[in-house]
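One file, my_file-v8.tsv, carrying TSV, C-alpha atoms and all ligand atoms:
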chain	number	residue	atom	x	y	z
A	1	MET	CA	3.75	29.26	5.96
A	2	VAL	CA	5.54	27.18	8.55
A	3	PRO	CA	9.15	28.27	9.01
A	4	VAL	CA	11.95	25.85	8.22
A	5	ASN	CA	13.66	24.07	11.12
A	6	ASP	CA	15.11	26.56	13.51
A	7	VAL	CA	17.66	24.13	14.92
A	8	ASN	CA	20.63	23.76	12.64
A	9	ASP	CA	21.36	20.06	13.12
A	10	GLY	CA	22.70	19.48	9.63
A	11	SER	CA	19.45	18.02	8.27
A	12	PRO	CA	18.02	19.69	5.16
A	13	PRO	CA	15.46	22.45	5.85
A	14	LEU	CA	11.86	21.24	5.79
A	15	PRO	CA	9.86	22.17	2.69
A	16	ARG	CA	7.15	24.83	2.94
A	17	VAL	CA	3.74	23.81	4.24
A	18	ASP	CA	0.93	26.32	3.70
A	19	GLU	CA	-1.35	25.22	6.50
A	20	ALA	CA	-4.20	27.55	5.50
A	21	VAL	CA	-4.34	25.80	2.12
A	22	LEU	CA	-3.50	22.26	3.18
A	23	ALA	CA	-5.57	21.91	6.38
A	24	PRO	CA	-8.81	21.73	4.33
A	25	TYR	CA	-7.04	18.97	2.38
A	26	GLY	CA	-6.42	17.00	5.58
A	27	TRP	CA	-3.02	18.27	6.74
A	28	GLY	CA	-2.51	17.98	10.50
A	29	ALA	CA	-0.05	17.20	13.30
A	30	TRP	CA	0.39	13.59	12.18
A	31	GLN	CA	1.46	14.63	8.69
A	32	GLN	CA	3.73	17.33	10.11
A	33	GLU	CA	5.57	14.72	12.16
A	34	ALA	CA	5.74	12.31	9.21
A	35	LEU	CA	7.35	15.11	7.20
A	36	ALA	CA	9.92	15.78	9.91
A	37	GLN	CA	10.76	12.05	10.07
A	38	LEU	CA	11.14	11.89	6.30
A	39	GLY	CA	13.73	14.67	6.53
A	40	SER	CA	13.88	15.15	2.77
A	41	GLY	CA	14.57	18.82	1.80
A	42	GLY	CA	12.56	20.04	-1.20
A	43	ASP	CA	10.50	23.17	-1.80
A	44	GLU	CA	6.88	22.58	-0.87
A	45	VAL	CA	4.42	19.96	0.37
A	46	GLY	CA	1.14	19.22	-1.39
A	47	ARG	CA	-1.47	16.48	-1.80
A	48	VAL	CA	-1.95	14.42	-4.95
A	49	CYS	CA	-5.46	15.07	-6.31
A	50	ALA	CA	-5.30	13.08	-9.55
A	51	GLU	CA	-2.97	11.30	-11.93
A	52	HIS	CA	-3.18	11.76	-15.68
A	53	GLN	CA	-0.90	9.64	-17.86
A	54	GLY	CA	2.02	9.64	-15.48
A	55	MET	CA	1.64	13.33	-14.48
A	56	PHE	CA	0.36	14.11	-11.01
A	57	MET	CA	-1.98	16.97	-10.17
A	58	VAL	CA	-0.77	18.26	-6.79
A	59	ARG	CA	-2.62	20.75	-4.60
A	60	LEU	CA	-0.07	23.38	-3.52
A	61	ALA	CA	-0.31	26.83	-1.95
A	62	GLY	CA	-0.64	28.43	-5.37
A	63	GLY	CA	-3.37	26.04	-6.58
A	64	GLU	CA	-3.32	22.70	-8.37
A	65	ARG	CA	-0.21	22.09	-10.38
A	66	ALA	CA	1.01	19.26	-12.63
A	67	ALA	CA	4.14	17.56	-11.29
A	68	ALA	CA	6.24	14.91	-12.98
A	69	LEU	CA	7.93	11.94	-11.38
A	70	PRO	CA	11.64	12.22	-12.19
A	71	GLY	CA	13.72	9.27	-13.41
A	72	ARG	CA	15.45	9.04	-10.05
A	73	MET	CA	12.10	8.41	-8.31
A	74	ARG	CA	10.96	5.98	-11.01
A	75	ARG	CA	14.12	3.95	-10.57
A	76	ALA	CA	13.67	3.98	-6.79
A	77	VAL	CA	10.10	2.71	-7.28
A	78	SER	CA	11.27	-0.13	-9.51
A	79	ARG	CA	13.90	-1.09	-6.91
A	80	GLY	CA	11.16	-1.14	-4.29
A	81	GLU	CA	12.72	1.75	-2.35
A	82	ALA	CA	9.98	4.29	-2.98
A	83	GLU	CA	6.25	4.27	-3.63
A	84	TRP	CA	4.63	5.28	-6.89
A	85	PRO	CA	2.49	8.26	-5.81
A	86	ALA	CA	-1.23	7.59	-5.46
A	87	VAL	CA	-4.20	9.91	-5.18
A	88	GLY	CA	-4.32	11.07	-1.56
A	89	ASP	CA	-0.55	10.93	-1.08
A	90	TRP	CA	1.28	13.82	0.57
A	91	VAL	CA	4.29	14.64	-1.56
A	92	VAL	CA	7.28	16.95	-1.41
A	93	VAL	CA	7.82	18.78	-4.68
A	94	ASP	CA	10.69	20.75	-6.11
A	95	LEU	CA	9.67	23.96	-7.87
A	96	PRO	CA	12.64	25.14	-9.91
A	97	PRO	CA	12.15	28.79	-10.94
A	98	GLY	CA	10.74	28.86	-14.45
A	99	GLY	CA	10.81	25.05	-14.65
A	100	SER	CA	8.12	22.46	-14.12
A	101	ALA	CA	7.30	20.90	-10.75
A	102	VAL	CA	8.76	17.50	-9.91
A	103	ILE	CA	7.92	15.12	-7.08
A	104	ARG	CA	10.89	14.60	-4.79
A	105	ALA	CA	9.44	12.32	-2.11
A	106	VAL	CA	6.25	10.66	-0.94
A	107	LEU	CA	5.44	10.95	2.77
A	108	PRO	CA	4.84	7.70	4.67
A	109	ARG	CA	1.20	6.68	4.37
A	110	SER	CA	-1.15	6.38	7.32
A	111	THR	CA	-3.40	3.95	5.40
A	112	ARG	CA	-3.80	2.69	1.86
A	113	LEU	CA	-6.15	0.83	-0.45
A	114	ALA	CA	-4.38	-1.59	-2.75
A	115	ARG	CA	-5.48	-4.33	-5.10
A	116	LYS	CA	-3.74	-6.84	-7.32
A	117	ALA	CA	-2.77	-4.95	-10.44
A	118	ALA	CA	-5.47	-5.42	-13.06
A	119	GLY	CA	-4.98	-6.92	-16.53
A	120	GLU	CA	-1.47	-7.66	-17.75
A	121	GLN	CA	0.38	-5.77	-15.03
A	122	ARG	CA	1.94	-7.64	-12.13
A	123	GLY	CA	2.20	-6.86	-8.46
A	124	GLU	CA	-0.04	-4.53	-6.55
A	125	GLN	CA	-1.66	-1.23	-7.41
A	126	VAL	CA	-2.32	1.37	-4.72
A	127	LEU	CA	-5.71	2.90	-5.50
A	128	ALA	CA	-5.59	5.68	-2.93
A	129	ALA	CA	-3.60	6.63	0.17
A	130	ASN	CA	-4.12	8.29	3.54
A	131	LEU	CA	-7.79	7.47	3.92
A	132	ASP	CA	-9.82	7.50	7.09
A	133	VAL	CA	-13.10	6.05	5.81
A	134	ALA	CA	-13.98	3.86	2.84
A	135	PHE	CA	-17.60	4.18	1.74
A	136	LEU	CA	-18.56	0.87	0.16
A	137	VAL	CA	-21.35	1.97	-2.15
A	138	SER	CA	-24.04	-0.35	-3.54
A	139	ALA	CA	-27.34	0.55	-5.14
A	140	LEU	CA	-30.40	-1.04	-3.57
A	141	GLY	CA	-31.79	-3.75	-5.82
A	142	ARG	CA	-29.82	-6.08	-8.02
A	143	ASP	CA	-26.46	-4.52	-7.22
A	144	ILE	CA	-26.40	-5.82	-3.65
A	145	SER	CA	-23.86	-8.64	-3.51
A	146	PRO	CA	-22.69	-9.97	-0.14
A	147	ARG	CA	-19.73	-11.71	-1.79
A	148	ARG	CA	-18.47	-8.56	-3.46
A	149	LEU	CA	-18.99	-6.63	-0.25
A	150	GLU	CA	-16.83	-9.14	1.64
A	151	ARG	CA	-14.06	-8.65	-0.92
A	152	TYR	CA	-14.24	-4.85	-0.56
A	153	LEU	CA	-14.20	-5.23	3.21
A	154	ALA	CA	-11.07	-7.39	3.20
A	155	LEU	CA	-9.30	-4.88	1.00
A	156	THR	CA	-10.40	-1.95	3.16
A	157	MET	CA	-9.43	-3.57	6.44
A	158	GLU	CA	-6.07	-4.69	5.08
A	159	GLY	CA	-5.23	-1.08	4.35
A	160	GLY	CA	-6.22	0.10	7.84
A	161	VAL	CA	-9.22	2.06	6.55
A	162	THR	CA	-12.55	2.13	8.44
A	163	PRO	CA	-15.38	0.71	6.31
A	164	VAL	CA	-18.92	2.15	6.09
A	165	VAL	CA	-21.62	0.73	3.79
A	166	LEU	CA	-23.80	3.11	1.78
A	167	LEU	CA	-26.93	1.83	0.05
A	168	THR	CA	-28.00	4.32	-2.59
A	169	LYS	CA	-31.19	4.93	-4.60
A	170	ALA	CA	-33.38	4.48	-1.51
A	171	ASP	CA	-36.03	6.57	-3.31
A	172	LEU	CA	-36.62	3.65	-5.69
A	173	HIS	CA	-37.25	1.03	-2.99
A	174	VAL	CA	-40.22	0.76	-0.68
A	175	ASP	CA	-38.82	-1.87	1.66
A	176	PRO	CA	-35.04	-2.12	1.86
A	177	SER	CA	-35.05	-4.33	4.98
A	178	HIS	CA	-33.93	-7.51	3.14
A	179	ALA	CA	-31.03	-5.68	1.56
A	180	VAL	CA	-29.98	-4.20	4.90
A	181	ALA	CA	-30.13	-7.62	6.58
A	182	ALA	CA	-28.02	-9.17	3.78
A	183	VAL	CA	-25.45	-6.42	4.14
A	184	GLN	CA	-25.28	-6.74	7.91
A	185	ALA	CA	-24.71	-10.49	7.60
A	186	ALA	CA	-21.82	-9.93	5.20
A	187	ALA	CA	-20.36	-6.99	7.12
A	188	PRO	CA	-21.04	-7.59	10.82
A	189	GLY	CA	-20.62	-4.48	12.93
A	190	VAL	CA	-20.09	-2.16	9.96
A	191	PRO	CA	-22.37	0.92	9.90
A	192	VAL	CA	-24.95	0.88	7.08
A	193	HIS	CA	-26.63	4.03	5.72
A	194	LEU	CA	-29.60	4.23	3.37
A	195	LEU	CA	-29.34	7.18	1.02
A	196	SER	CA	-30.91	8.94	-1.88
A	197	SER	CA	-28.89	11.53	-3.73
A	198	HIS	CA	-32.07	12.53	-5.52
A	199	THR	CA	-34.21	13.28	-2.44
A	200	GLY	CA	-31.32	13.98	-0.06
A	201	GLN	CA	-32.41	11.22	2.32
A	202	GLY	CA	-29.65	10.13	4.69
A	203	LEU	CA	-26.99	12.51	3.37
A	204	GLU	CA	-26.67	14.62	6.52
A	205	ALA	CA	-25.55	11.61	8.54
A	206	LEU	CA	-22.41	11.41	6.40
A	207	ASP	CA	-21.04	14.77	7.61
A	208	ALA	CA	-19.92	13.10	10.84
A	209	TYR	CA	-17.38	11.02	8.90
A	210	PHE	CA	-15.61	14.13	7.62
A	211	THR	CA	-15.03	16.01	10.86
A	212	GLY	CA	-11.46	17.05	11.61
A	213	GLY	CA	-10.51	17.14	7.93
A	214	ARG	CA	-10.90	13.38	7.48
A	215	THR	CA	-10.57	11.77	4.06
A	216	GLY	CA	-13.21	9.42	2.64
A	217	VAL	CA	-13.14	7.36	-0.53
A	218	LEU	CA	-16.13	6.13	-2.56
A	219	LEU	CA	-15.80	2.53	-3.76
A	220	GLY	CA	-18.37	0.60	-5.74
A	221	SER	CA	-19.38	-0.73	-9.12
A	222	SER	CA	-20.13	1.50	-12.06
A	223	GLY	CA	-23.59	3.06	-11.99
A	224	VAL	CA	-24.33	2.72	-8.27
A	225	GLY	CA	-24.42	6.50	-7.96
A	226	LYS	CA	-20.96	7.45	-6.69
A	227	SER	CA	-20.60	10.52	-8.89
A	228	THR	CA	-24.10	11.74	-8.06
A	229	LEU	CA	-23.33	11.30	-4.36
A	230	LEU	CA	-19.96	13.01	-4.75
A	231	ASN	CA	-21.64	16.03	-6.29
A	232	ARG	CA	-24.04	16.15	-3.34
A	233	LEU	CA	-21.19	15.80	-0.86
A	234	ILE	CA	-19.14	18.60	-2.32
A	235	GLY	CA	-22.10	20.72	-3.34
A	236	ALA	CA	-21.01	21.10	-6.95
A	237	GLU	CA	-21.16	19.29	-10.28
A	238	MET	CA	-17.60	18.03	-10.31
A	239	GLN	CA	-18.05	14.54	-11.74
A	240	VAL	CA	-20.14	13.85	-14.81
A	241	VAL	CA	-23.04	11.64	-13.84
A	242	GLY	CA	-23.53	8.54	-15.96
A	243	THR	CA	-26.71	8.13	-17.99
A	244	LEU	CA	-27.94	4.59	-17.68
A	245	ARG	CA	-28.45	2.76	-20.94
A	246	ALA	CA	-31.38	0.41	-21.40
A	247	ASP	CA	-29.10	-2.55	-20.59
A	248	GLY	CA	-28.34	-1.02	-17.21
A	249	LYS	CA	-24.73	-0.15	-18.03
A	250	GLY	CA	-23.43	3.35	-17.44
A	251	ARG	CA	-22.41	5.43	-20.46
A	252	HIS	CA	-20.41	8.44	-19.28
A	253	THR	CA	-18.55	6.81	-16.47
A	254	THR	CA	-15.91	8.11	-14.11
A	255	THR	CA	-12.58	7.27	-15.68
A	256	HIS	CA	-10.08	8.39	-13.07
A	257	ARG	CA	-9.65	8.76	-9.36
A	258	GLN	CA	-9.86	12.29	-8.08
A	259	LEU	CA	-9.64	14.02	-4.72
A	260	PHE	CA	-11.84	16.95	-3.71
A	261	SER	CA	-11.87	19.16	-0.63
A	262	ARG	CA	-15.42	19.58	0.72
A	263	PRO	CA	-16.58	23.11	1.52
A	264	ALA	CA	-18.38	21.62	4.56
A	265	GLY	CA	-15.12	20.02	5.75
A	266	GLY	CA	-13.15	16.91	4.97
A	267	VAL	CA	-11.89	15.41	1.76
A	268	ILE	CA	-13.49	12.93	-0.64
A	269	ILE	CA	-11.98	10.72	-3.33
A	270	ASP	CA	-14.08	9.31	-6.17
A	271	THR	CA	-12.93	6.14	-7.92
A	272	PRO	CA	-14.10	4.68	-11.20
A	273	GLY	CA	-16.21	1.51	-10.91
A	274	MET	CA	-13.76	-1.35	-10.72
A	275	ARG	CA	-14.28	-4.52	-12.69
A	276	GLU	CA	-11.34	-6.34	-11.17
A	277	LEU	CA	-10.68	-6.17	-7.48
A	278	GLY	CA	-8.16	-8.90	-6.83
A	279	LEU	CA	-6.65	-9.17	-3.37
A	280	TRP	CA	-2.95	-8.58	-2.95
A	281	ASP	CA	-1.20	-9.51	0.29
A	282	ALA	CA	-4.42	-9.11	2.26
A	283	GLU	CA	-4.45	-12.02	4.72
A	284	ALA	CA	-4.95	-9.74	7.72
A	285	GLY	CA	-7.75	-7.95	5.89
A	286	VAL	CA	-9.52	-11.25	5.18
A	287	SER	CA	-9.25	-12.19	8.87
A	288	GLY	CA	-10.64	-8.79	9.84
A	289	ALA	CA	-13.56	-9.04	7.43
A	290	PHE	CA	-14.43	-12.52	8.74
A	291	ALA	CA	-13.79	-12.01	12.44
A	292	ASP	CA	-16.89	-14.12	13.23
A	293	ILE	CA	-15.44	-17.16	11.42
A	294	GLU	CA	-11.98	-16.57	12.92
A	295	ALA	CA	-13.59	-16.61	16.38
A	296	LEU	CA	-15.39	-19.90	15.62
A	297	ALA	CA	-12.16	-21.41	14.28
A	298	GLU	CA	-10.51	-20.96	17.66
A	299	ARG	CA	-12.80	-23.70	18.92
A	300	CYS	CA	-11.90	-26.20	16.18
A	301	ARG	CA	-10.17	-29.33	17.54
A	302	PHE	CA	-7.10	-28.87	15.31
A	303	SER	CA	-5.34	-25.53	15.35
A	304	ASP	CA	-4.57	-25.89	11.63
A	305	CYS	CA	-8.16	-26.92	10.78
A	306	ARG	CA	-9.10	-25.98	7.19
A	307	HIS	CA	-12.81	-26.29	7.98
A	308	GLU	CA	-13.31	-28.85	5.23
A	309	GLN	CA	-13.88	-32.37	6.57
A	310	GLU	CA	-11.90	-32.39	9.81
A	311	PRO	CA	-13.45	-33.90	12.93
A	312	GLY	CA	-14.31	-31.46	15.71
A	313	CYS	CA	-14.56	-28.48	13.32
A	314	ALA	CA	-16.50	-25.72	15.07
A	315	VAL	CA	-16.95	-23.82	11.81
A	316	ALA	CA	-18.56	-26.79	10.03
A	317	ALA	CA	-20.73	-27.30	13.12
A	318	ALA	CA	-21.94	-23.70	12.91
A	319	VAL	CA	-22.85	-24.21	9.24
A	320	ALA	CA	-24.70	-27.45	10.08
A	321	ALA	CA	-26.58	-25.68	12.88
A	322	GLY	CA	-27.65	-22.92	10.48
A	323	GLU	CA	-25.68	-20.29	12.42
A	324	LEU	CA	-23.21	-19.58	9.63
A	325	ASP	CA	-24.10	-19.19	5.97
A	326	ARG	CA	-22.24	-21.69	3.79
A	327	GLY	CA	-21.82	-19.03	1.09
A	328	ARG	CA	-20.04	-16.80	3.59
A	329	LEU	CA	-17.72	-19.64	4.63
A	330	GLU	CA	-16.88	-20.39	1.00
A	331	SER	CA	-16.23	-16.72	0.39
A	332	PHE	CA	-13.84	-16.65	3.38
A	333	LEU	CA	-11.94	-19.75	2.24
A	334	GLY	CA	-11.72	-18.48	-1.34
A	335	LEU	CA	-10.46	-15.02	-0.38
A	336	GLN	CA	-7.96	-16.58	2.02
A	337	VAL	CA	-6.48	-18.71	-0.78
A	338	GLU	CA	-6.40	-15.70	-3.10
A	339	ALA	CA	-4.60	-13.53	-0.53
A	340	ARG	CA	-2.12	-16.29	0.35
A	341	ARG	CA	-1.28	-16.88	-3.31
A	342	ALA	CA	-0.62	-13.20	-3.83
A	343	ALA	CA	1.52	-13.02	-0.69
A	344	ALA	CA	3.52	-16.05	-1.81
A	345	ARG	CA	4.33	-14.33	-5.10
A	346	GLY	CA	6.20	-11.74	-3.08
A	347	THR	CA	5.55	-8.04	-2.89
A	348	GLN	CA	7.40	-5.20	-4.48
A	349	GLY	CA	8.17	-2.23	-2.32
A	350	ARG	CA	7.82	-4.19	0.87
A	351	GLY	CA	10.91	-2.57	2.41
A	352	GLU	CA	9.37	0.86	2.04
A	353	ARG	CA	6.10	-0.31	3.51
A	354	VAL	CA	7.77	-1.88	6.52
A	355	LEU	CA	9.65	1.36	7.04
A	356	GLY	CA	6.35	3.21	6.76
A	357	ARG	CA	4.81	0.91	9.33
A	358	ALA	CA	7.67	1.42	11.80
A	359	LEU	CA	7.15	5.16	11.50
A	360	LEU	CA	3.42	4.69	11.89
A	361	ALA	CA	3.95	2.73	15.07
A	362	ARG	CA	5.94	5.65	16.43
A	363	LEU	CA	3.37	8.18	15.32
A	364	GLY	CA	0.41	5.92	16.08
A	365	ARG	CA	-0.88	7.57	19.19
A	366	ARG	CA	-0.90	11.00	17.66
A	367	ARG	CA	-3.24	9.97	14.88
A	368	ARG	CA	-6.67	11.49	15.36
B	401	LIG	N1	-33.28	7.18	-8.34
B	401	LIG	C1	-32.01	7.47	-8.07
B	401	LIG	N2	-31.10	7.45	-9.05
B	401	LIG	C2	-29.81	7.75	-8.75
B	401	LIG	C3	-29.41	8.07	-7.42
B	401	LIG	N3	-28.08	8.30	-7.44
B	401	LIG	C4	-27.68	8.15	-8.72
B	401	LIG	N4	-28.71	7.81	-9.52
B	401	LIG	C5	-28.66	7.57	-10.98
B	401	LIG	O1	-27.85	6.43	-11.24
B	401	LIG	C6	-27.13	6.62	-12.48
B	401	LIG	C7	-25.64	6.38	-12.27
B	401	LIG	O2	-25.15	7.37	-11.36
B	401	LIG	P1	-23.61	7.77	-11.29
B	401	LIG	O3	-23.52	8.75	-10.18
B	401	LIG	O4	-23.07	8.18	-12.60
B	401	LIG	O5	-22.93	6.39	-10.89
B	401	LIG	P2	-21.38	6.08	-10.62
B	401	LIG	O6	-21.35	5.11	-9.52
B	401	LIG	O7	-20.63	7.34	-10.46
B	401	LIG	O8	-20.91	5.37	-11.92
B	401	LIG	P3	-19.44	5.40	-12.59
B	401	LIG	O9	-19.12	6.83	-12.86
B	401	LIG	O10	-19.65	4.60	-13.85
B	401	LIG	O11	-18.50	4.74	-11.64
B	401	LIG	C8	-27.50	8.03	-12.97
B	401	LIG	O12	-28.51	7.92	-13.91
B	401	LIG	C9	-28.00	8.72	-11.70
B	401	LIG	O13	-28.92	9.75	-11.97
B	401	LIG	C10	-30.41	8.09	-6.40
B	401	LIG	O14	-30.18	8.35	-5.21
B	401	LIG	N5	-31.70	7.78	-6.78
B	402	ZN	ZN	-12.51	-26.02	11.57
File written out as structure tokens:
Amino acid sequence: MVPVNDVNDGSPPLPRVDEAVLAPYGWGAWQQEALAQLGSGGDEVGRVCAEHQGMFMVRLAGGERAAALPGRMRRAVSRGEAEWPAVGDWVVVDLPPGGSAVIRAVLPRSTRLARKAAGEQRGEQVLAANLDVAFLVSALGRDISPRRLERYLALTMEGGVTPVVLLTKADLHVDPSHAVAAVQAAAPGVPVHLLSSHTGQGLEALDAYFTGGRTGVLLGSSGVGKSTLLNRLIGAEMQVVGTLRADGKGRHTTTHRQLFSRPAGGVIIDTPGMRELGLWDAEAGVSGAFADIEALAERCRFSDCRHEQEPGCAVAAAVAAGELDRGRLESFLGLQVEARRAAARGTQGRGERVLGRALLARLGRRRR
């Protein structure tokens, strides 16, 4: 246990942090500083491993414990002054003797993955927080979709998370070179790994992404093999693996996000296959995912060129010369419009995020 502040400067004592328990869950110097900056009181710090119907499973010194979000926090969330906890968040909990645990505060996030809320809901939905690496998982074969990959990339880069592409089921494919080339064209400069969770091919290379207690998240459509891979990565049968039906759709599918500590080091979050992955306030992410087109655009005659019919458009020239795929350009323009529309609708909780970013800027250099 780390002792509470020894200097009595009037600020509330820091909550307990059991480093022996939390370090394997990713706790480090950065988080310690973020906690000190938050200056919130409370009993103990833990990491959110899952959410079930509004209750949060939090890893604490004594094990995983269900914690509720009190009305005060819910109201702060609706006013945009606090974040709704997400899997991967570091939270301060109150543990009243004999009572149930409640979440008192959410630590500022180092990174986040957010999408436009699906279905009827409005605004954004944070899928997971405090991630170092996002594994964008596709199965070799029909699942490979450059356009979907570009969307995942924009979302990942917007949240400050490093993307890595994983192509699964390599045991079923004799020559994956076309798939790899298509992926590299859609995700220039992003590492690509060929894997088989059945034969173990390529799995060892992934250990490097988890050094220093780093957190990775698995993202991809249903049935690409995320749960099977997760079980390989944590060396246990923690997620039920889907049985493919004749129509190619998964049957027992992952239904919730969950965080696991790996015995070999690092932390991994599994997410259910997502049907809707709308962009929310992700203009910077779109620019990052299409850095090649952004670089071309700097040579367009007009600085506000939309790359449609304008004279002197360097982007259109690259398409005409066969140097840039028209599908990729259309994807870029479409995602840009989508992100701008979402941004124009305004974001909830922006104040909190800006605050988080200011703190991040201060802590920036200490981040591993
Ligand atoms: N041949 C082969 N099959 C695999 C591999 N990985 C997974 N599968 C199979 O693919 C099917 C789907 O795997 P899952 O791990 O459930 O896929 P998922 O991405 O977790 O799917 P959701 O839980 O629906 O999100 C299962 O039948 C697995 O056995 C692999 O490396 N090779
Ligand atoms: Zn142009």
Report, in Å to a single decimal, how far apart CA of Glu150 in chain A and CA of Lys116 in chain A are.
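CA of Lys116 in chain A sits 16.0 Å away from CA of Glu150 in chain A.
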Residue contacts of range 41-44 of chain A (8 Å, only C-alpha atoms) excluding same-chain residues fewer than 5 positions away, as a list in words
Pro12, Pro13, Leu14, Pro15, Arg16, Val17, Leu60, Val92, Val93, Asp94, Leu95 and Arg104 of chain A
Could you pull out the residues sitting within 10 Å of ligand ZN 402 (chain B), using all atoms listed in the file, and write them as JSON, numbers by chain?
{"A": [293, 294, 296, 297, 298, 299, 300, 301, 302, 303, 304, 305, 306, 307, 308, 309, 310, 311, 312, 313, 314, 315, 316, 317, 318]}
List the neighbours of Ala186 in chain A out to 8 Å using all atoms listed in the file; skip same-chain residues closer than 6 positions along the sequence, and give me the result as a CSV table (one decimal) with C-alpha atoms, in the frame of the given file.
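out.csv, written as the output of this step:
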chain,number,residue,atom,x,y,z
A,146,PRO,CA,-22.7,-10.0,-0.1
A,147,ARG,CA,-19.7,-11.7,-1.8
A,149,LEU,CA,-19.0,-6.6,-0.2
A,150,GLU,CA,-16.8,-9.1,1.6
A,328,ARG,CA,-20.0,-16.8,3.6
What lies within 8 Å of Gly159 in chain A using all atoms listed in the file, ignoring chain neighbours under 2 positions off, as a ChimeraX atom specification?
/A:111-114,155-157,161,285
So that I can see what lies close to Arg65 in chain A, please list as number ranges by chain the residues with an atom at most 9 Å from it, counting only C-alpha atoms and leaving out residues fewer than 5 positions away in the same chain.
A: 56-60, 101
Shortest interatomic distance to ligand LIG 401 (chain B) - which of A:Leu107, A:Val183, A:Ala170, A:Leu329, counting all atoms listed in the file
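The closest residue to ligand LIG 401 (chain B) is A:Ala170.
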In Å, how far is it from CA of Gly273 in chain A to CA of Leu219 in chain A?
7.2 Å
Ranking A:Cys49, A:Ala205, A:Ala86, A:Leu140 by minimum distance to Gly223 in chain A and counting all atoms listed in the file, which one comes first?
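Closest candidate: A:Leu140.
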Take CA of Leu136 in chain A and CA of Leu203 in chain A and report the distance between them in Å, one decimal.
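If I compute the distance from CA of Leu136 in chain A to CA of Leu203 in chain A, I get 14.7 Å.
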Using all atoms listed in the file, can you tell me which of A:Ala134, A:Ala29, A:Leu153, A:Leu218 comes closest to Leu277 in chain A?
A:Leu153
Which residues are near Thr168 in chain A? Cut-off 8 Å, all atoms listed in the file, ignore same chain within fewer than 5 positions. Put them as a ChimeraX atom specification.
/A:137-140,194-197,224-225
Go through A:His173, A:Arg345, A:Arg214, A:His193 one by one, measure the shortest atom-to-atom distance of each to ligand LIG 401 (chain B) using all atoms listed in the file, and give the residue with the smallest value.
A:His173
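Ranking A:Lys226, A:Arg232, A:His52, A:Arg47 by their shortest atom-to-atom distance to ligand LIG 401 (chain B), with all atoms listed in the file included, puts A:Lys226 first.
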Which of A:Arg341, A:Arg74, A:Arg326, A:His198 sits closest to ligand LIG 401 (chain B) [using only C-alpha atoms and all ligand atoms]
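Among A:Arg341, A:Arg74, A:Arg326, A:His198, it is A:His198 that comes nearest to ligand LIG 401 (chain B).
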Specify the axis-aligned box that encloses all atoms of range 223-237 of chain A listed in the file after padding of 8 Å on each side, stating its centre and edge lengths in Å to one decimal as JSON.
{"center_x": -21.8, "center_y": 11.9, "center_z": -6.4, "size_x": 21.3, "size_y": 34.4, "size_z": 27.1}
Taking (-15.4, 13.7, -7.6) in the file's coordinates, which residues come within 8 Å, counting all atoms listed in the file, written as number ranges by chain?
A: 227, 230-231, 238-239, 257-260, 268-271
